[in-house]
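S.K.: This is work14.txt (compact mmCIF, C-alpha atoms (C1' of nucleotides)).
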```
# COMPACT_ATOMS: atom_id res chain seq x y z
CA MET F 6 114.44 85.25 121.67
CA ASN F 7 112.01 82.79 120.27
CA THR F 8 108.77 84.62 119.76
CA VAL F 9 106.99 82.00 117.74
CA CYS F 10 104.09 81.06 119.90
CA LYS F 11 102.41 84.34 120.68
CA THR F 12 98.69 84.63 120.71
CA HIS F 13 97.72 85.18 117.13
CA SER F 14 94.62 86.92 115.94
CA PRO F 15 91.71 84.51 115.71
CA THR F 16 91.12 85.86 112.24
CA LEU F 17 94.29 84.26 111.04
CA LYS F 18 93.52 80.70 112.07
CA GLU F 19 89.97 81.15 110.89
CA SER F 20 91.16 82.36 107.51
CA LEU F 21 93.45 79.39 107.27
CA ARG F 22 90.83 76.88 108.31
CA GLU F 23 88.31 78.26 105.84
CA ARG F 24 90.68 77.26 103.10
CA LYS F 25 91.79 73.99 104.64
CA LEU F 26 95.23 75.43 105.24
CA LYS F 27 97.31 74.49 108.24
CA ALA F 28 98.49 76.89 110.90
CA THR F 29 102.11 75.84 110.71
CA PRO F 30 104.96 77.31 112.73
CA ALA F 31 106.49 78.83 109.59
CA ARG F 32 103.31 80.68 108.73
CA LEU F 33 102.76 81.89 112.25
CA GLU F 34 106.34 83.04 112.64
CA ILE F 35 106.34 84.94 109.37
CA LEU F 36 103.20 86.79 110.36
CA ASP F 37 104.66 87.45 113.77
CA ILE F 38 107.77 88.96 112.24
CA LEU F 39 105.81 91.10 109.82
CA SER F 40 103.60 92.38 112.59
CA HIS F 41 106.64 93.59 114.48
CA THR F 42 108.16 95.42 111.53
CA LYS F 43 107.09 98.64 109.89
CA LYS F 44 109.19 98.29 106.76
CA PRO F 45 108.30 95.91 103.96
CA LEU F 46 110.60 92.90 104.05
CA SER F 47 112.11 90.83 101.28
CA ILE F 48 112.24 87.06 101.30
CA ASN F 49 115.88 87.39 102.19
CA ASP F 50 115.18 89.74 105.08
CA ILE F 51 112.82 87.18 106.52
CA SER F 52 115.26 84.37 105.97
CA VAL F 53 117.93 86.26 107.88
CA LYS F 54 115.55 87.07 110.73
CA ILE F 55 114.74 83.44 111.24
CA LYS F 56 118.38 82.48 110.74
CA GLY F 57 117.75 80.27 107.75
CA GLN F 58 115.66 77.86 109.76
CA THR F 59 113.06 77.77 107.02
CA ASP F 60 113.87 76.87 103.45
CA LEU F 61 113.62 79.62 100.85
CA ALA F 62 111.24 77.56 98.74
CA THR F 63 108.94 77.32 101.72
CA LEU F 64 109.14 81.05 102.29
CA TYR F 65 108.15 81.73 98.69
CA ARG F 66 105.30 79.25 98.92
CA THR F 67 104.18 80.69 102.23
CA PHE F 68 104.10 84.23 100.93
CA ASP F 69 102.17 83.05 97.91
CA THR F 70 99.45 81.59 100.06
CA LEU F 71 99.45 84.48 102.51
CA ARG F 72 99.05 86.84 99.61
CA ASP F 73 96.21 84.79 98.16
CA LEU F 74 94.63 84.82 101.59
CA GLY F 75 94.83 88.58 101.57
CA LEU F 76 96.94 88.70 104.72
CA VAL F 77 100.04 90.02 103.06
CA THR F 78 100.72 92.58 100.35
CA GLN F 79 103.44 92.30 97.76
CA ILE F 80 105.31 95.42 96.68
CA ASP F 81 107.75 96.08 93.88
CA PHE F 82 110.42 98.69 94.53
CA ARG F 83 112.41 97.74 91.43
CA HIS F 84 115.10 96.39 93.69
CA GLY F 85 115.14 93.15 91.74
CA HIS F 86 113.11 91.20 94.26
CA ALA F 87 109.71 91.44 95.89
CA HIS F 88 108.91 92.95 99.27
CA TYR F 89 106.03 92.03 101.52
CA GLU F 90 104.15 93.64 104.34
CA LEU F 91 101.10 92.90 106.43
CA ALA F 92 97.94 93.84 104.61
CA THR F 93 96.49 94.89 107.94
CA ASN F 94 99.08 97.63 108.37
CA GLU F 95 97.66 101.05 107.89
CA HIS F 96 97.58 101.36 104.16
CA HIS F 97 100.19 103.63 102.67
CA HIS F 98 102.41 104.14 99.64
CA HIS F 99 106.05 104.59 98.87
CA LEU F 100 108.46 106.99 97.31
CA VAL F 101 111.47 105.28 95.80
CA CYS F 102 114.72 106.86 94.67
CA GLU F 103 115.55 105.59 91.20
CA LYS F 104 119.23 105.97 91.85
CA CYS F 105 120.03 104.76 95.35
CA GLY F 106 116.82 102.79 95.95
CA LYS F 107 115.96 104.55 99.17
CA VAL F 108 112.34 104.06 100.16
CA VAL F 109 110.24 106.62 102.04
CA ASP F 110 106.79 105.87 103.39
CA ILE F 111 103.88 108.00 102.34
CA SER F 112 101.15 107.76 104.88
CA LYS F 113 97.48 107.77 104.07
CA CYS F 114 95.79 106.55 100.99
CA ASN F 115 93.37 108.49 98.87
CA THR F 116 92.47 105.91 96.33
CA THR F 117 89.18 104.56 97.60
CA ASP F 118 87.16 106.58 95.16
CA ILE F 119 89.41 105.65 92.30
CA GLU F 120 89.12 102.04 93.38
CA LYS F 121 85.35 102.01 93.09
CA GLN F 122 85.46 103.38 89.59
CA VAL F 123 88.20 101.01 88.63
CA LEU F 124 86.09 98.07 89.72
CA LYS F 125 83.30 99.08 87.40
CA ILE F 126 85.40 100.01 84.44
CA GLY F 127 87.59 96.94 84.63
CA ASN F 128 84.64 94.59 85.01
CA PHE F 129 86.35 92.67 87.79
CA SER F 130 84.65 90.88 90.67
CA SER F 131 86.80 92.29 93.39
CA ILE F 132 89.86 94.37 94.04
CA LYS F 133 91.99 93.06 96.86
CA HIS F 134 94.96 95.37 96.87
CA HIS F 135 96.62 98.10 95.00
CA SER F 136 100.15 99.20 94.87
CA LEU F 137 101.17 102.79 94.36
CA GLU F 138 104.81 103.65 94.13
CA PHE F 139 106.35 106.95 93.17
CA TYR F 140 109.77 107.05 91.57
CA GLY F 141 112.10 109.99 91.52
CA LEU F 142 115.36 111.29 92.89
CA CYS F 143 116.08 111.88 96.54
CA LYS F 144 117.91 115.09 97.35
CA ALA F 145 121.21 113.36 97.98
CA CYS F 146 121.20 111.61 94.61
CA ASP F 147 120.01 114.70 92.81
CA LYS F 148 123.03 116.62 94.07
CA GLY F 149 125.33 113.81 93.08
CA SER F 150 124.09 113.75 89.51
CA ARG F 151 124.86 117.35 88.60
CA MET P 14 108.71 95.41 57.06
CA ASN P 15 111.67 97.36 58.30
CA THR P 16 110.30 100.44 60.00
CA VAL P 17 113.44 101.62 61.66
CA CYS P 18 114.09 104.94 60.05
CA LYS P 19 110.88 106.86 60.53
CA THR P 20 110.93 110.49 61.46
CA HIS P 21 111.35 110.59 65.19
CA SER P 22 110.31 113.37 67.49
CA PRO P 23 113.01 116.01 67.76
CA THR P 24 112.60 115.75 71.52
CA LEU P 25 114.12 112.32 71.48
CA LYS P 26 117.37 113.17 69.76
CA GLU P 27 117.61 116.30 71.83
CA SER P 28 117.15 114.35 75.03
CA LEU P 29 119.81 111.96 73.93
CA ARG P 30 122.27 114.62 72.89
CA GLU P 31 121.85 116.49 76.17
CA ARG P 32 123.20 113.47 77.90
CA LYS P 33 125.85 112.61 75.33
CA LEU P 34 123.92 109.50 74.37
CA LYS P 35 123.83 108.20 70.84
CA ALA P 36 120.73 107.85 68.69
CA THR P 37 121.40 104.26 67.73
CA PRO P 38 119.17 102.09 65.56
CA ALA P 39 118.31 99.89 68.54
CA ARG P 40 117.07 102.82 70.57
CA LEU P 41 115.13 104.33 67.72
CA GLU P 42 113.52 101.05 66.82
CA ILE P 43 112.48 100.29 70.38
CA LEU P 44 110.83 103.67 70.67
CA ASP P 45 109.21 103.19 67.30
CA ILE P 46 107.76 99.87 68.39
CA LEU P 47 106.52 101.26 71.68
CA SER P 48 104.87 104.16 69.95
CA HIS P 49 102.90 101.76 67.77
CA THR P 50 101.67 99.63 70.65
CA LYS P 51 99.09 100.43 73.28
CA LYS P 52 99.92 97.57 75.62
CA PRO P 53 102.99 97.58 77.83
CA LEU P 54 105.61 95.24 76.40
CA SER P 55 108.09 92.96 78.09
CA ILE P 56 111.71 92.63 77.06
CA ASN P 57 110.76 89.38 75.44
CA ASP P 58 107.86 90.92 73.52
CA ILE P 59 110.27 93.44 72.08
CA SER P 60 112.84 90.80 71.27
CA VAL P 61 110.25 88.81 69.34
CA LYS P 62 109.06 91.89 67.46
CA ILE P 63 112.54 92.62 66.22
CA LYS P 64 113.17 88.95 65.58
CA GLY P 65 116.08 88.66 67.96
CA GLN P 66 118.17 91.07 65.95
CA THR P 67 119.20 92.85 69.11
CA ASP P 68 120.83 91.09 72.02
CA LEU P 69 118.82 90.79 75.23
CA ALA P 70 121.58 92.44 77.25
CA THR P 71 121.38 95.41 74.94
CA LEU P 72 117.62 95.57 75.32
CA TYR P 73 117.94 95.61 79.09
CA ARG P 74 120.60 98.30 78.91
CA THR P 75 118.56 100.32 76.46
CA PHE P 76 115.46 100.24 78.62
CA ASP P 77 117.53 101.26 81.59
CA THR P 78 118.75 104.37 79.86
CA LEU P 79 115.38 105.15 78.30
CA ARG P 80 113.85 104.90 81.73
CA ASP P 81 116.49 107.16 83.24
CA LEU P 82 115.83 109.59 80.41
CA GLY P 83 112.18 109.56 81.36
CA LEU P 84 111.07 108.37 77.94
CA VAL P 85 109.84 105.02 79.10
CA THR P 86 107.94 103.78 82.14
CA GLN P 87 108.51 100.47 83.86
CA ILE P 88 105.55 98.55 85.23
CA ASP P 89 105.30 95.50 87.44
CA PHE P 90 102.31 93.24 86.87
CA ARG P 91 103.74 90.46 89.06
CA HIS P 92 104.17 88.37 85.97
CA GLY P 93 107.75 87.65 86.88
CA HIS P 94 109.27 90.15 84.50
CA ALA P 95 109.05 93.88 83.86
CA HIS P 96 106.88 95.62 81.29
CA TYR P 97 107.58 98.92 79.63
CA GLU P 98 105.55 101.57 77.86
CA LEU P 99 106.13 105.02 76.43
CA ALA P 100 106.04 107.64 79.15
CA THR P 101 104.40 109.95 76.66
CA ASN P 102 101.35 107.73 76.36
CA GLU P 103 98.37 109.18 78.09
CA HIS P 104 99.02 108.29 81.65
CA HIS P 105 96.87 105.53 83.03
CA HIS P 106 96.82 102.63 85.46
CA HIS P 107 96.13 98.93 85.43
CA LEU P 108 93.90 96.34 86.94
CA VAL P 109 95.53 92.95 87.19
CA CYS P 110 93.87 89.61 87.88
CA GLU P 111 95.83 87.83 90.59
CA LYS P 112 94.84 84.48 89.21
CA CYS P 113 95.08 84.55 85.42
CA GLY P 114 97.23 87.67 85.11
CA LYS P 115 94.86 89.46 82.77
CA VAL P 116 95.54 93.19 82.58
CA VAL P 117 92.90 95.84 82.02
CA ASP P 118 93.73 99.48 81.37
CA ILE P 119 92.29 102.14 83.59
CA SER P 120 92.25 105.44 81.80
CA LYS P 121 92.93 108.78 83.42
CA CYS P 122 95.05 109.53 86.36
CA ASN P 123 94.00 111.44 89.43
CA THR P 124 97.21 111.45 91.34
CA THR P 125 98.63 114.87 90.58
CA ASP P 126 97.53 116.31 93.89
CA ILE P 127 98.80 113.34 95.79
CA GLU P 128 102.06 113.65 93.93
CA LYS P 129 102.65 117.19 95.07
CA GLN P 130 102.13 116.27 98.70
CA VAL P 131 104.30 113.22 98.32
CA LEU P 132 107.15 115.33 97.03
CA LYS P 133 107.08 117.49 100.14
CA ILE P 134 106.61 114.73 102.65
CA GLY P 135 109.25 112.49 101.15
CA ASN P 136 111.79 115.28 100.88
CA PHE P 137 112.75 114.25 97.37
CA SER P 138 114.00 116.54 94.61
CA SER P 139 111.72 115.27 91.92
CA ILE P 140 109.18 112.64 91.11
CA LYS P 141 109.50 111.26 87.63
CA HIS P 142 106.89 108.55 87.50
CA HIS P 143 104.50 106.62 89.57
CA SER P 144 103.03 103.26 89.15
CA LEU P 145 99.57 102.36 90.33
CA GLU P 146 98.35 98.82 89.90
CA PHE P 147 95.19 97.29 91.30
CA TYR P 148 95.06 93.58 92.01
CA GLY P 149 91.95 91.49 92.27
CA LEU P 150 89.95 88.80 90.56
CA CYS P 151 88.42 89.11 87.13
CA LYS P 152 84.91 87.74 86.78
CA ALA P 153 86.00 84.64 84.95
CA CYS P 154 88.49 83.64 87.63
CA ASP P 155 86.10 84.51 90.42
CA LYS P 156 83.57 82.07 89.03
CA GLY P 157 86.21 79.41 88.64
CA SER P 158 87.29 79.64 92.26
CA ARG P 159 83.94 78.93 93.90
C1' DA H 2 138.49 110.90 57.06
C1' DT H 3 139.72 110.22 61.73
C1' DC H 4 139.19 109.74 66.50
C1' DT H 5 136.85 108.49 70.69
C1' DA H 6 133.28 107.99 74.03
C1' DG H 7 129.68 105.45 74.16
C1' DA H 8 127.03 101.21 72.35
C1' DT H 9 126.67 96.42 71.14
C1' DG H 10 127.23 91.31 70.94
C1' DC H 11 128.53 87.33 73.07
C1' DG H 12 129.23 84.36 76.74
C1' DA H 13 129.24 83.60 81.31
C1' DA H 14 127.79 84.79 86.00
C1' DT H 15 124.23 86.22 89.33
C1' DT H 16 120.02 86.38 91.44
C1' DA H 17 115.23 85.47 92.05
C1' DT H 18 111.80 82.25 91.88
C1' DT H 19 109.73 77.66 90.85
C1' DT H 20 109.25 72.68 90.72
C1' DG H 21 109.47 67.52 91.70
C1' DC H 22 109.63 64.41 95.00
C1' DA H 23 110.32 62.07 99.36
C1' DT H 24 109.33 62.98 104.03
C1' DC H 25 106.88 65.08 107.70
C1' DT H 26 103.04 67.03 110.50
C1' DA H 27 98.72 69.61 111.68
C1' DC H 28 94.22 68.54 111.87
C1' DT H 29 90.10 65.29 111.36
C1' DA H 30 87.34 61.59 112.58
C1' DA H 31 86.73 57.53 115.06
C1' DT N 29 94.07 59.45 122.21
C1' DT N 30 95.29 57.70 118.10
C1' DA N 31 95.56 56.58 113.38
C1' DG N 32 94.90 58.38 108.60
C1' DT N 33 95.44 61.88 105.24
C1' DA N 34 95.64 66.15 102.96
C1' DG N 35 98.45 69.60 103.05
C1' DA N 36 103.36 71.48 104.26
C1' DT N 37 108.30 71.28 104.24
C1' DG N 38 113.20 70.44 102.96
C1' DC N 39 116.36 69.50 99.60
C1' DA N 40 118.25 69.62 95.22
C1' DA N 41 117.86 70.78 90.74
C1' DA N 42 115.63 73.49 87.02
C1' DT N 43 113.92 77.95 85.12
C1' DA N 44 113.79 82.58 84.22
C1' DA N 45 115.15 87.24 84.57
C1' DT N 46 118.66 90.32 84.71
C1' DT N 47 123.58 91.77 84.94
C1' DC N 48 128.54 91.90 83.89
C1' DG N 49 133.18 91.70 81.57
C1' DC N 50 135.38 92.39 77.66
C1' DA N 51 136.50 92.66 72.78
C1' DT N 52 134.64 94.91 68.92
C1' DC N 53 131.96 98.33 66.61
C1' DT N 54 129.86 102.90 65.37
C1' DA N 55 127.56 107.61 65.87
C1' DG N 56 128.84 111.99 66.10
C1' DA N 57 132.43 115.51 66.92
C1' DT N 58 136.54 117.68 64.82
```
If you convert what's in this file into structure tokens, what do you get?
M.R.:
Amino acid sequence: MNTVCKTHSPTLKESLRERKLKATPARLEILDILSHTKKPLSINDISVKIKGQTDLATLYRTFDTLRDLGLVTQIDFRHGHAHYELATNEHHHHLVCEKCGKVVDISKCNTTDIEKQVLKIGNFSSIKHHSLEFYGLCKACDKGSR
Amino acid sequence: MNTVCKTHSPTLKESLRERKLKATPARLEILDILSHTKKPLSINDISVKIKGQTDLATLYRTFDTLRDLGLVTQIDFRHGHAHYELATNEHHHHLVCEKCGKVVDISKCNTTDIEKQVLKIGNFSSIKHHSLEFYGLCKACDKGSR
DNA sequence: ATCTAGATGCGAATTATTTGCATCTACTAA
DNA sequence: TTAGTAGATGCAAATAATTCGCATCTAGAT
């Protein structure tokens, strides 16, 4: 049941060391969980999965640093709280029902070209992520609303 | 100073009537403010602009209905609170600095094709909006972090 | 002018997220 | 291997955003 101490990608520990960050059990476990899940998870999802063993404040802080490290991506589904997924997952987008909140994955990402332009126009040094969510009505909710 | 009772687009009142919603001063004023601002505004921005004359709860409720009506778009800059802008503004995207939070507008939107595909794949009835934000480091912050 | 569904204000409740501080621990250097 | 220390965690309390219940009010229909 305890899957904490798997072999983790060397990249991870390297990334951490580069920034003088420690490879703590909490960090490793969070990444382990994310790597075994397709769906983006909320802080609460994670907390449940590890049975509350790690304090919420720590989870928030951990996700902050993982996001800054570029290992994790934060997504807003307008559910009232953030979701996170591994940045190394194949990049994709989401379709969210504005009524029931259902989320559908949209595979593939066509935004590379846009991204290059954006970099120039915006006069930024680097773009690390982007987040593209579509909002509409799923068929079930559309029926319900007529 | 009081710019509440301008001539508003007929579309608005129509949209409201269709759904048995009332054209109240609060709603008209919010739309008036949004139409005179290029930047997306937060609930608090709006509250300040109208000098607290309208209760926050009402503002939240109003933006909910305006969003459902499709008149207003909600955006997440990861600033800890939502931003809103007129859906009728020329559609564009944003580039957000992960460090200082600065937001730069990216004009034009190339996602129509993607949107059509998404509709099919996701098996939704309709897509009303999408939200595309890029996250990275602005030049100022990039310098600061080395 | 009246009636009523829908809107608002107010206060309180919820929920998400952040912060301060004491304690702990992963890594470094000897 | 072991001590020393910067960085990490837990806990509790503070903020901040958003929502809800309910009494009152008002836009729009008749």
S.K.: At a cut-off of 9 Å, which residues of chain N touch chain F? Count all atoms listed in the file and give the answer as a ChimeraX atom specification.
M.R.: /N:34-39,46
S.K.: How would the residues just chosen look if you wrote them out with C-alpha atoms (C1' of nucleotides) as a CSV table (one decimal), keeping the file's coordinate frame?
M.R.:
```csv
chain,number,residue,atom,x,y,z
N,34,DA,C1',95.6,66.2,103.0
N,35,DG,C1',98.4,69.6,103.0
N,36,DA,C1',103.4,71.5,104.3
N,37,DT,C1',108.3,71.3,104.2
N,38,DG,C1',113.2,70.4,103.0
N,39,DC,C1',116.4,69.5,99.6
N,46,DT,C1',118.7,90.3,84.7
```
S.K.: Excluding same-chain residues fewer than 6 positions from DC50 (chain N), what lies within 12 Å of it counting only C-alpha atoms (C1' of nucleotides), as a list in words?
M.R.: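 So, after excluding close chain neighbours, the residues are DT9, DG10, DC11, DG12 and DA13 of chain H.
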S.K.: Find the residue from F:Gly75, F:Asp110, F:Glu103, F:Ile51 that sits nearest to Ile132 (chain F); use only C-alpha atoms when measuring.
M.R.: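 Among F:Gly75, F:Asp110, F:Glu103, F:Ile51, it is F:Gly75 that comes nearest to Ile132 (chain F).
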S.K.: Quick check: residues of chain H within 9 Å of chain F, all atoms listed in the file, returned as an NGL selection string.
M.R.: :H and (16-19 or 26-28)
S.K.: Over every C-alpha pair, in sequence order, do a least-squares fit of chain F onto chain P and save the fitted chain as an mmCIF file with C-alpha atoms, in the frame of the given file.
M.R.:
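out_8.cif written:
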```cif
data_model
loop_
_atom_site.group_PDB
_atom_site.id
_atom_site.type_symbol
_atom_site.label_atom_id
_atom_site.label_comp_id
_atom_site.auth_asym_id
_atom_site.auth_seq_id
_atom_site.Cartn_x
_atom_site.Cartn_y
_atom_site.Cartn_z
ATOM 1 C CA MET F 6 108.271 95.712 57.021
ATOM 2 C CA ASN F 7 111.271 97.551 58.261
ATOM 3 C CA THR F 8 110.023 100.643 59.989
ATOM 4 C CA VAL F 9 113.247 101.685 61.612
ATOM 5 C CA CYS F 10 113.984 104.990 60.035
ATOM 6 C CA LYS F 11 110.841 106.997 60.568
ATOM 7 C CA THR F 12 111.004 110.606 61.500
ATOM 8 C CA HIS F 13 111.452 110.638 65.223
ATOM 9 C CA SER F 14 110.437 113.413 67.530
ATOM 10 C CA PRO F 15 113.165 116.022 67.804
ATOM 11 C CA THR F 16 112.770 115.761 71.544
ATOM 12 C CA LEU F 17 114.215 112.304 71.491
ATOM 13 C CA LYS F 18 117.490 113.115 69.775
ATOM 14 C CA GLU F 19 117.769 116.254 71.841
ATOM 15 C CA SER F 20 117.272 114.293 75.036
ATOM 16 C CA LEU F 21 119.913 111.857 73.935
ATOM 17 C CA ARG F 22 122.398 114.513 72.925
ATOM 18 C CA GLU F 23 121.967 116.374 76.197
ATOM 19 C CA ARG F 24 123.301 113.320 77.933
ATOM 20 C CA LYS F 25 125.946 112.468 75.369
ATOM 21 C CA LEU F 26 123.999 109.390 74.368
ATOM 22 C CA LYS F 27 123.932 108.115 70.822
ATOM 23 C CA ALA F 28 120.839 107.806 68.685
ATOM 24 C CA THR F 29 121.458 104.209 67.726
ATOM 25 C CA PRO F 30 119.213 102.072 65.546
ATOM 26 C CA ALA F 31 118.318 99.863 68.518
ATOM 27 C CA ARG F 32 117.127 102.807 70.565
ATOM 28 C CA LEU F 33 115.183 104.323 67.722
ATOM 29 C CA GLU F 34 113.548 101.039 66.809
ATOM 30 C CA ILE F 35 112.504 100.293 70.366
ATOM 31 C CA LEU F 36 110.864 103.681 70.674
ATOM 32 C CA ASP F 37 109.233 103.200 67.312
ATOM 33 C CA ILE F 38 107.769 99.888 68.400
ATOM 34 C CA LEU F 39 106.527 101.266 71.692
ATOM 35 C CA SER F 40 104.896 104.190 69.964
ATOM 36 C CA HIS F 41 102.909 101.821 67.792
ATOM 37 C CA THR F 42 101.671 99.689 70.670
ATOM 38 C CA LYS F 43 99.093 100.473 73.305
ATOM 39 C CA LYS F 44 99.927 97.613 75.640
ATOM 40 C CA PRO F 45 103.000 97.607 77.844
ATOM 41 C CA LEU F 46 105.599 95.245 76.421
ATOM 42 C CA SER F 47 108.075 92.952 78.108
ATOM 43 C CA ILE F 48 111.686 92.620 77.067
ATOM 44 C CA ASN F 49 110.714 89.363 75.456
ATOM 45 C CA ASP F 50 107.841 90.923 73.538
ATOM 46 C CA ILE F 51 110.247 93.430 72.080
ATOM 47 C CA SER F 52 112.790 90.777 71.275
ATOM 48 C CA VAL F 53 110.188 88.808 69.351
ATOM 49 C CA LYS F 54 109.011 91.891 67.465
ATOM 50 C CA ILE F 55 112.483 92.601 66.226
ATOM 51 C CA LYS F 56 113.087 88.909 65.576
ATOM 52 C CA GLY F 57 116.010 88.612 67.940
ATOM 53 C CA GLN F 58 118.102 91.016 65.924
ATOM 54 C CA THR F 59 119.161 92.802 69.080
ATOM 55 C CA ASP F 60 120.787 91.039 71.989
ATOM 56 C CA LEU F 61 118.793 90.756 75.203
ATOM 57 C CA ALA F 62 121.572 92.384 77.200
ATOM 58 C CA THR F 63 121.366 95.365 74.897
ATOM 59 C CA LEU F 64 117.612 95.530 75.298
ATOM 60 C CA TYR F 65 117.941 95.583 79.078
ATOM 61 C CA ARG F 66 120.619 98.251 78.888
ATOM 62 C CA THR F 67 118.573 100.274 76.438
ATOM 63 C CA PHE F 68 115.485 100.210 78.604
ATOM 64 C CA ASP F 69 117.581 101.217 81.576
ATOM 65 C CA THR F 70 118.800 104.317 79.829
ATOM 66 C CA LEU F 71 115.428 105.118 78.298
ATOM 67 C CA ARG F 72 113.899 104.879 81.725
ATOM 68 C CA ASP F 73 116.566 107.123 83.217
ATOM 69 C CA LEU F 74 115.904 109.542 80.394
ATOM 70 C CA GLY F 75 112.263 109.555 81.354
ATOM 71 C CA LEU F 76 111.136 108.350 77.938
ATOM 72 C CA VAL F 77 109.888 105.003 79.100
ATOM 73 C CA THR F 78 107.991 103.784 82.146
ATOM 74 C CA GLN F 79 108.554 100.472 83.847
ATOM 75 C CA ILE F 80 105.582 98.563 85.233
ATOM 76 C CA ASP F 81 105.323 95.518 87.445
ATOM 77 C CA PHE F 82 102.330 93.260 86.889
ATOM 78 C CA ARG F 83 103.749 90.480 89.064
ATOM 79 C CA HIS F 84 104.181 88.402 85.956
ATOM 80 C CA GLY F 85 107.765 87.673 86.918
ATOM 81 C CA HIS F 86 109.284 90.178 84.531
ATOM 82 C CA ALA F 87 109.073 93.893 83.879
ATOM 83 C CA HIS F 88 106.903 95.630 81.306
ATOM 84 C CA TYR F 89 107.597 98.941 79.645
ATOM 85 C CA GLU F 90 105.597 101.579 77.878
ATOM 86 C CA LEU F 91 106.177 105.022 76.455
ATOM 87 C CA ALA F 92 106.091 107.645 79.155
ATOM 88 C CA THR F 93 104.455 109.970 76.662
ATOM 89 C CA ASN F 94 101.399 107.740 76.365
ATOM 90 C CA GLU F 95 98.392 109.175 78.051
ATOM 91 C CA HIS F 96 98.999 108.296 81.639
ATOM 92 C CA HIS F 97 96.855 105.519 83.009
ATOM 93 C CA HIS F 98 96.823 102.618 85.448
ATOM 94 C CA HIS F 99 96.134 98.934 85.421
ATOM 95 C CA LEU F 100 93.906 96.339 86.938
ATOM 96 C CA VAL F 101 95.551 92.949 87.185
ATOM 97 C CA CYS F 102 93.908 89.610 87.884
ATOM 98 C CA GLU F 103 95.864 87.834 90.597
ATOM 99 C CA LYS F 104 94.896 84.478 89.214
ATOM 100 C CA CYS F 105 95.124 84.552 85.433
ATOM 101 C CA GLY F 106 97.266 87.692 85.117
ATOM 102 C CA LYS F 107 94.902 89.459 82.774
ATOM 103 C CA VAL F 108 95.574 93.179 82.580
ATOM 104 C CA VAL F 109 92.911 95.837 81.995
ATOM 105 C CA ASP F 110 93.726 99.472 81.356
ATOM 106 C CA ILE F 111 92.279 102.122 83.589
ATOM 107 C CA SER F 112 92.230 105.402 81.800
ATOM 108 C CA LYS F 113 92.859 108.728 83.433
ATOM 109 C CA CYS F 114 94.978 109.485 86.394
ATOM 110 C CA ASN F 115 93.912 111.373 89.462
ATOM 111 C CA THR F 116 97.116 111.434 91.372
ATOM 112 C CA THR F 117 98.509 114.860 90.612
ATOM 113 C CA ASP F 118 97.394 116.283 93.905
ATOM 114 C CA ILE F 119 98.704 113.317 95.800
ATOM 115 C CA GLU F 120 101.957 113.676 93.909
ATOM 116 C CA LYS F 121 102.511 117.232 95.069
ATOM 117 C CA GLN F 122 102.019 116.290 98.676
ATOM 118 C CA VAL F 123 104.201 113.266 98.299
ATOM 119 C CA LEU F 124 107.026 115.419 97.008
ATOM 120 C CA LYS F 125 106.948 117.559 100.106
ATOM 121 C CA ILE F 126 106.509 114.816 102.619
ATOM 122 C CA GLY F 127 109.155 112.583 101.113
ATOM 123 C CA ASN F 128 111.684 115.393 100.841
ATOM 124 C CA PHE F 129 112.659 114.363 97.330
ATOM 125 C CA SER F 130 113.897 116.652 94.571
ATOM 126 C CA SER F 131 111.626 115.368 91.887
ATOM 127 C CA ILE F 132 109.096 112.705 91.099
ATOM 128 C CA LYS F 133 109.423 111.315 87.611
ATOM 129 C CA HIS F 134 106.836 108.584 87.503
ATOM 130 C CA HIS F 135 104.455 106.650 89.575
ATOM 131 C CA SER F 136 103.000 103.275 89.147
ATOM 132 C CA LEU F 137 99.541 102.360 90.325
ATOM 133 C CA GLU F 138 98.328 98.840 89.901
ATOM 134 C CA PHE F 139 95.194 97.291 91.300
ATOM 135 C CA TYR F 140 95.068 93.583 92.009
ATOM 136 C CA GLY F 141 91.966 91.489 92.275
ATOM 137 C CA LEU F 142 89.991 88.777 90.561
ATOM 138 C CA CYS F 143 88.459 89.068 87.132
ATOM 139 C CA LYS F 144 84.951 87.696 86.784
ATOM 140 C CA ALA F 145 86.067 84.583 84.955
ATOM 141 C CA CYS F 146 88.563 83.615 87.649
ATOM 142 C CA ASP F 147 86.163 84.466 90.427
ATOM 143 C CA LYS F 148 83.646 81.992 89.036
ATOM 144 C CA GLY F 149 86.312 79.359 88.676
ATOM 145 C CA SER F 150 87.377 79.620 92.293
ATOM 146 C CA ARG F 151 84.035 78.842 93.908
#
```
S.K.: So how many Å separate C1' of DG32 (chain N) and CA of Thr70 (chain F), to one decimal?
M.R.: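 Value for the C1' of DG32 (chain N)-CA of Thr70 (chain F) distance: 25.1 Å.
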S.K.: Quick one: residues within 7 Å of Pro45 (chain F), all atoms listed in the file counted, chain neighbours fewer than 6 positions away excluded, as a compact mmCIF listing (two decimals) with C-alpha atoms, in the coordinates of the input?
M.R.:
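Printed below is part.txt as written:
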```txt
# COMPACT_ATOMS: atom_id res chain seq x y z
CA HIS F 88 108.91 92.95 99.27
CA TYR F 89 106.03 92.03 101.52
CA GLU F 90 104.15 93.64 104.34
```
S.K.: Do you have the CA of Ser40 (chain F)-CA of His97 (chain F) distance handy?
M.R.: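 These atoms are spaced 15.4 Å apart.
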S.K.: In Å, rounded to a single decimal, give me how far CA of Leu29 (chain P) is from CA of Leu99 (chain P).
M.R.: 15.5 Å
S.K.: Let me know the centre plus edge lengths, in Å and rounded to one decimal, of a box with edges along x, y and z that contains all listed atoms of region 100-115 of chain F and is padded by 8 Å on every side, as lines of an AutoDock Vina configuration file.
M.R.:
```
center_x = 106.7
center_y = 105.6
center_z = 98.0
size_x = 42.7
size_y = 21.7
size_z = 29.7
```
